[in-house]
Number of protein chains: 2
Amino acid sequence: MEPKVISRAVVERLPRYYRYLGELMENKAERVSSGELSEMMHITASQIRQDLNHFGGFGQQGYGYNVEYLYNEIGKILGLNQVHRMIIIGAGHLGQAIANYGNFERRGFRVVGMFDQREELAGTLSPTGVPIYHMDTLEDFVAGHPVSIAVLAIPKAAAVEVARKLVACGVRAFWNFAHTDLDVPPDVVVENVHLSESLMRLSYNMNMNKE
Amino acid sequence: MEPKVISRAVVERLPRYYRYLGELMENKAERVSSGELSEMMHITASQIRQDLNHFGGFGQQGYGYNVEYLYNEIGKILGLNQVHRMIIIGAGHLGQAIANYGNFERRGFRVVGMFDQREELAGTLSPTGVPIYHMDTLEDFVAGHPVSIAVLAIPKAAAVEVARKLVACGVRAFWNFAHTDLDVPPDVVVENVHLSESLMRLSYNMNMNKE
DNA sequence: CCTATATTGACAATTAATTGACAAACTTTT
DNA sequence: AAAAGTTTGTCAATTAATTGTCAATATAGG
């Protein structure tokens with residue numbers, strides 16, 4: 001549809017625009033200019049206009065951008081107008097934290113099942129009512145239910161192995177919290193959340209600020 | 001000490017080098033060349049050499065890099081040779097997940113306390129033995145104990161308020177999991193982990209891969 | 001000890017990302 | 001209805017990041 005390739009840097013910023021526009025909507029703002037957004041977000045107005053223009057002319061000279069319209073358009077660009085059926089691998093604290101976070105559900109990310117190695121969890125429900133299955137039944141489940149995203153909230157060795165299996169079962173998107181990179185075919189998408197690396201960056205910047 | 005300013009892009013990659021070097025150490029590798037690392041990490045050898053050279057000449061022509069030496073040097077650059085005393089605000093699943101993750105402890109990130117609004121949690125211990133205190137005692141605790149990092153694992157409104165208080169108490173580094181940006185003085189460091197934005201990027205890339 | 005081979009560190013060339021500037025087009029005021 | 005004031009979209013200029021190249025210098029093998 002969109003033949004233009006959008007640079008990584010722009011895609012990284014899109015969700016942040018979406019968040020600020022959502023806040024503006026909550027505050028009943030009807031319109032916003034790139035200059036106002038610039039001040040709120042601490043990035044240049046020029047960058048905002050340039051970023052948004054990759055996807056089409058959403059604004060109007062002399063007026064700015066209509067908040068609700070722009071919010072919805074960015075939502076569509078981000079794929080938030082679709083429902084994503086999601087499974088969470090690992091029902092530890094991290095898996096539970098993700099399952100319990102209600103805002104994902106609101107944006108169309110529906111958790112349809114959790115999987116865990118521990119026998120005693122199988123057959124129970126998470127606090128938000130998501131069924132927990134035993135890990136051994138993972139492949140059967142995926143064969144019988146459409147799943148568009150798998151969340152990997154398990155240790156790295158298990159994550160590599162489970163990802164391999166799920167790719168074979170047709171899963172094409174992973175949200176990876178394991179501390180490893182996944183080796184997947186080119187048509188499979190992986191978004192990594194490497195928490196320990198994030199913490200190390202914080203540590204680095206702490207030292208830099210001192211000097 | 002280091003007057004040279006290191007670009008954001010380089011700092012983002014440092015922890016990943018550290019992770020790969022750690023794996024090489026586990027596999028008893030004594031040396032590694034930028035070419036080998038390049039193949040493992042899927043980035044150019046030129047970039048690896050250039051990145052590492054920002055911090056000094058760690059390699060040797062005809063030999064490559066000594067794995068253990070380079071691992072330790074990058075660790076020092078990242079500040080992993082120091083102990084960071086860390087408090088976690090919010091003892092929900094996310095806070096517990098962070099508290100229970102043993103690898104942080106190994107790298108010098110010591111969780112010295114958790115804080116939560118819920119009365120029934122106050123006075124108890126997390127599974128890893130971290131004491132949980134009531135949120136009201138937060139400022140007293142920080143006044144009496146050195147704390148270098150505060151982890152914000154609470155909703156956004158609370159996070160903004162708690163961060164304000166902690167900055168006033170002298171905390172200079174935040175690991176922020178709340179879905180908001182924090183407004184802090186220039187000498188305070190914030191590392192954001194915006195999970196919903198990460199998930200939106202995944203969603204975006206899923207659609208892009210289809211076309 | 002000499003030669004062939006490997007590999008870094010430095011720098012130049014290239015590519016990507018950000019910022020600045022302004023004409024065009026809208027809104028608001030008079 | 002005209003004039004004044006905003007603000008976008010676009011493009012050029014600038015800055016930042018990545019990649020390619022190669023002399024210098026090491027290792028390894030006779």
# chains A, B, ... in the order shown; residues from 1 in each chain; ligands from 1

$ residues_around --residues "DG30 of chain D" --least-positions-apart "5" --cutoff "10 Å" --atoms "only C-alpha atoms (C1' of nucleotides)" --output "list in words"
DC2, DT3 and DA4 of chain C

$ residues_around --residues "segment 120-137 of chain B" --least-positions-apart "6" --cutoff "7 Å" --atoms "only C-alpha atoms (C1' of nucleotides)" --output "compact mmCIF listing (two decimals) with C-alpha atoms, in the first residue's frame"
# COMPACT_ATOMS: atom_id res chain seq x y z
CA ASN B 100 13.12 -11.27 41.39
CA VAL B 111 17.40 -3.91 45.43
CA VAL B 112 17.29 -2.53 48.96
CA GLY B 113 13.57 -1.94 49.31
CA MET B 114 10.18 -1.95 47.66

$ residues_around --residues "segment 7-9 of chain C" --least-positions-apart "6" --cutoff "7 Å" --atoms "only C-alpha atoms (C1' of nucleotides)" --output "JSON, numbers by chain"
{"B": [59, 60, 61, 62, 63, 64]}

$ interface_residues --of "chain A" --to "chain D" --cutoff "12 Å" --atoms "only C-alpha atoms (C1' of nucleotides)" --output "list in words"
Val32, Ser33, Ser34, Gly35, Glu36, Ala45, Ser46, Gln47, Ile48, Arg49, Gln50, Asp51, Leu52, Asn53, His54, Gly56, Gly57, Phe58, Gly59, Gln60, Gln61, Gly62, Tyr63, Gly64 and Tyr65 of chain A

$ select_by_dssp --residues "segment 34-181 of chain A" --states "strand (DSSP E or B)" --output "ChimeraX atom specification"
/A:59-60,64-66,84-89,109-116,125,131-134,149-152,173-176

$ closest_atom_pairs --of "chain A" --to "chain B" --cutoff "7 Å" --atoms "only C-alpha atoms" --output "JSON lines"
{"residue": "A:Met1", "atom": "CA", "partner": "B:Glu211", "partner_atom": "CA", "distance": 6.5}
{"residue": "A:Val11", "atom": "CA", "partner": "B:Arg201", "partner_atom": "CA", "distance": 6.9}
{"residue": "A:Glu12", "atom": "CA", "partner": "B:Arg201", "partner_atom": "CA", "distance": 6.9}
{"residue": "A:Pro15", "atom": "CA", "partner": "B:Glu197", "partner_atom": "CA", "distance": 5.2}
{"residue": "A:Arg16", "atom": "CA", "partner": "B:Glu197", "partner_atom": "CA", "distance": 7.0}
{"residue": "A:Ile77", "atom": "CA", "partner": "B:Tyr204", "partner_atom": "CA", "distance": 6.8}
{"residue": "A:Leu78", "atom": "CA", "partner": "B:Tyr204", "partner_atom": "CA", "distance": 4.5}
{"residue": "A:Gly79", "atom": "CA", "partner": "B:Ser203", "partner_atom": "CA", "distance": 5.7}
{"residue": "A:His93", "atom": "CA", "partner": "B:Ala97", "partner_atom": "CA", "distance": 4.8}
{"residue": "A:Leu94", "atom": "CA", "partner": "B:Ala97", "partner_atom": "CA", "distance": 5.2}
{"residue": "A:Gln96", "atom": "CA", "partner": "B:His93", "partner_atom": "CA", "distance": 6.3}
{"residue": "A:Ala97", "atom": "CA", "partner": "B:His93", "partner_atom": "CA", "distance": 4.8}
{"residue": "A:Ala173", "atom": "CA", "partner": "B:Met206", "partner_atom": "CA", "distance": 6.8}
{"residue": "A:Asp187", "atom": "CA", "partner": "B:Asn209", "partner_atom": "CA", "distance": 6.3}
{"residue": "A:Val189", "atom": "CA", "partner": "B:Met206", "partner_atom": "CA", "distance": 6.3}
{"residue": "A:Glu191", "atom": "CA", "partner": "B:Leu202", "partner_atom": "CA", "distance": 5.6}
{"residue": "A:Glu197", "atom": "CA", "partner": "B:Pro15", "partner_atom": "CA", "distance": 5.2}
{"residue": "A:Met200", "atom": "CA", "partner": "B:Leu78", "partner_atom": "CA", "distance": 6.0}
{"residue": "A:Arg201", "atom": "CA", "partner": "B:Val11", "partner_atom": "CA", "distance": 6.9}
{"residue": "A:Leu202", "atom": "CA", "partner": "B:Glu191", "partner_atom": "CA", "distance": 5.6}
{"residue": "A:Ser203", "atom": "CA", "partner": "B:Gly79", "partner_atom": "CA", "distance": 5.7}
{"residue": "A:Tyr204", "atom": "CA", "partner": "B:Leu78", "partner_atom": "CA", "distance": 4.5}
{"residue": "A:Asn205", "atom": "CA", "partner": "B:Val189", "partner_atom": "CA", "distance": 6.7}
{"residue": "A:Met206", "atom": "CA", "partner": "B:Val189", "partner_atom": "CA", "distance": 6.3}
{"residue": "A:Asn207", "atom": "CA", "partner": "B:Gly79", "partner_atom": "CA", "distance": 6.9}
{"residue": "A:Asn209", "atom": "CA", "partner": "B:Asp187", "partner_atom": "CA", "distance": 6.4}
{"residue": "A:Glu211", "atom": "CA", "partner": "B:Met1", "partner_atom": "CA", "distance": 6.4}

$ atom_distance --atom1 "atom CA of Asp140 of chain A" --atom2 "atom CA of Glu161 of chain A"
16.1 Å

$ interface_residues --of "chain C" --to "chain A" --cutoff "8 Å" --atoms "only C-alpha atoms (C1' of nucleotides)" --output "MDAnalysis selection string"
chainID C and resid 17:19 25:27
